[in-house]
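A.B. asks: I'd like to ask you about the structure that follows.
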Amino acid sequence: MSDEFKEEMKKLREEISKLKKQLEAVTEKETRRRHGIYIDVGNHVHDYMEDIVESVAEGIHGELDKSIFIGPRGVRICKRERRHPEECEQDIDFPKIAEVMSALGQEHRLKILKELTSGGKYINELQEKLSEITASTLSSHLNVLEEAGLVVQEKVRGRYLITIPGRTAYKMAIRVTKFLERGSQE
């Protein structure tokens, strides 16, 4: 074999190697595309991820601010850091507090909230999970929770969803109960 032929073979092997790598890259991208979203951001992954995290954090902060500090009926709940404490005392809505506490003061309603913390559910799914509650009683409990602003029902699909205030109230009820249980044991 001549040197020229050997050199040509070497170039062909290199070209084949490059083509194999390109094929593997295309195959990998296609696999990622089928299994989820694939975005090629090149060498700017860190900056790209920072931007996404910052954007998501801003969105969550905005939603929390709207959901927790503005009630389901648009009533502003006092933020102590923005007002004097004595101004907050005047804003206490005792009937609303009693409505929420009353909604939380029933075992079946707490079970409903617990089921909804894992995601929205249709009434038949709730009936399946909470078979000890009759359909009419379940419907009545859902109405009480909805009136208190702890759950909402989707207009189009009809699923029941726990609201952020509902999730917060449920978790706070659990924490208060655990706190009281620990205190009575000491």
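Each chain of the structure tokens is named A, B, ... in the order shown, its residues numbered from 1; ligands are numbered from 1 in display order.
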May I have the residues within 9 Å of Ala103 of chain A as number ranges by chain, using only C-alpha atoms and disregarding those fewer than 6 positions away in the same chain?

C.D. replies: A: 109-110, 141, 144-145, 147-148, 150

A.B. asks: Go ahead and save the residues from that selection, with N, CA and C atoms, as an mmCIF file, in the first residue's frame.

C.D. replies:
```
data_model
loop_
_atom_site.group_PDB
_atom_site.id
_atom_site.type_symbol
_atom_site.label_atom_id
_atom_site.label_comp_id
_atom_site.auth_asym_id
_atom_site.auth_seq_id
_atom_site.Cartn_x
_atom_site.Cartn_y
_atom_site.Cartn_z
ATOM 1 N N ARG A 109 -63.846 16.848 57.342
ATOM 2 C CA ARG A 109 -63.317 17.951 56.520
ATOM 3 C C ARG A 109 -61.794 17.945 56.510
ATOM 4 N N LEU A 110 -61.209 17.604 57.643
ATOM 5 C CA LEU A 110 -59.748 17.498 57.689
ATOM 6 C C LEU A 110 -59.261 16.357 56.792
ATOM 7 N N HIS A 141 -69.816 18.815 53.212
ATOM 8 C CA HIS A 141 -68.505 19.206 53.745
ATOM 9 C C HIS A 141 -67.722 20.030 52.725
ATOM 10 N N VAL A 144 -68.957 23.587 52.779
ATOM 11 C CA VAL A 144 -68.455 24.336 53.938
ATOM 12 C C VAL A 144 -67.007 24.767 53.692
ATOM 13 N N LEU A 145 -66.176 23.834 53.202
ATOM 14 C CA LEU A 145 -64.768 24.149 52.925
ATOM 15 C C LEU A 145 -64.643 25.214 51.841
ATOM 16 N N GLU A 147 -66.958 27.552 51.097
ATOM 17 C CA GLU A 147 -67.417 28.822 51.676
ATOM 18 C C GLU A 147 -66.326 29.484 52.516
ATOM 19 N N ALA A 148 -65.546 28.662 53.211
ATOM 20 C CA ALA A 148 -64.463 29.188 54.056
ATOM 21 C C ALA A 148 -63.240 29.593 53.226
ATOM 22 N N LEU A 150 -61.192 27.424 51.710
ATOM 23 C CA LEU A 150 -60.124 26.442 51.859
ATOM 24 C C LEU A 150 -60.002 25.528 50.644
#
```

A.B. asks: What separation in Å, quoted to one decimal, exists between atom CA of Gln153 of chain A and atom CA of Ile174 of chain A?

C.D. replies: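 Result for atom CA of Gln153 of chain A versus atom CA of Ile174 of chain A: 23.9 Å, one decimal.
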
A.B. asks: To one decimal place, how far is atom CA of Tyr160 of chain A from atom CA of Arg175 of chain A in Å?

C.D. replies: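 Rounded to one decimal, the two atoms are 24.1 Å apart.
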
A.B. asks: Could you check how far atom CA of Gly120 of chain A sits from atom CA of Glu154 of chain A, in Å to one decimal?

C.D. replies: 9.2 Å

A.B. asks: Using only C-alpha atoms, determine which residues lie at most 7 Å from segment 164-169 of chain A, disregarding the query and same-chain residues fewer than 2 positions distant; provide the list as a list in words.

C.D. replies: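 Near segment 164-169 of chain A, the qualifying residues are Ser67, Ile68, Thr117, Gly149, Leu150, Val151, Ile162, Lys171, Met172 and Ala173 of chain A.
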
A.B. asks: Deliver the residues from the most recent selection as a file, using N, CA and C atoms, as a PDB file, in the first residue's frame.

C.D. replies:
```pdb
ATOM      1  N   SER A  67     -52.232  34.872  47.329  1.00  0.00           N
ATOM      2  CA  SER A  67     -53.062  33.844  47.938  1.00  0.00           C
ATOM      3  C   SER A  67     -53.122  33.933  49.453  1.00  0.00           C
ATOM      4  N   ILE A  68     -52.017  34.221  50.079  1.00  0.00           N
ATOM      5  CA  ILE A  68     -52.004  34.222  51.538  1.00  0.00           C
ATOM      6  C   ILE A  68     -52.446  35.566  52.091  1.00  0.00           C
ATOM      7  N   THR A 117     -54.436  17.581  49.420  1.00  0.00           N
ATOM      8  CA  THR A 117     -53.063  18.091  49.437  1.00  0.00           C
ATOM      9  C   THR A 117     -52.195  17.403  48.388  1.00  0.00           C
ATOM     10  N   GLY A 149     -63.226  29.245  51.937  1.00  0.00           N
ATOM     11  CA  GLY A 149     -62.096  29.598  51.072  1.00  0.00           C
ATOM     12  C   GLY A 149     -60.946  28.613  51.147  1.00  0.00           C
ATOM     13  N   LEU A 150     -61.192  27.424  51.710  1.00  0.00           N
ATOM     14  CA  LEU A 150     -60.124  26.442  51.859  1.00  0.00           C
ATOM     15  C   LEU A 150     -60.002  25.528  50.644  1.00  0.00           C
ATOM     16  N   VAL A 151     -61.072  25.378  49.880  1.00  0.00           N
ATOM     17  CA  VAL A 151     -61.040  24.627  48.624  1.00  0.00           C
ATOM     18  C   VAL A 151     -61.806  25.418  47.566  1.00  0.00           C
ATOM     19  N   ILE A 162     -57.425  22.186  46.711  1.00  0.00           N
ATOM     20  CA  ILE A 162     -57.165  22.894  47.963  1.00  0.00           C
ATOM     21  C   ILE A 162     -56.477  24.209  47.611  1.00  0.00           C
ATOM     22  N   LYS A 171     -52.059  22.591  57.493  1.00  0.00           N
ATOM     23  CA  LYS A 171     -50.751  22.341  58.111  1.00  0.00           C
ATOM     24  C   LYS A 171     -50.650  22.994  59.489  1.00  0.00           C
ATOM     25  N   MET A 172     -51.223  24.191  59.625  1.00  0.00           N
ATOM     26  CA  MET A 172     -51.186  24.869  60.919  1.00  0.00           C
ATOM     27  C   MET A 172     -52.007  24.099  61.950  1.00  0.00           C
ATOM     28  N   ALA A 173     -53.154  23.550  61.547  1.00  0.00           N
ATOM     29  CA  ALA A 173     -53.977  22.769  62.473  1.00  0.00           C
ATOM     30  C   ALA A 173     -53.198  21.551  62.974  1.00  0.00           C
TER      31      ALA A 173
END
```

A.B. asks: I need the residue nearest Ile123 of chain A from this list: A:Ile92, A:Arg159, A:Thr27, A:Glu146. Use only C-alpha atoms for the distance.

C.D. replies: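 Closest residue, counting only C-alpha atoms: A:Arg159.
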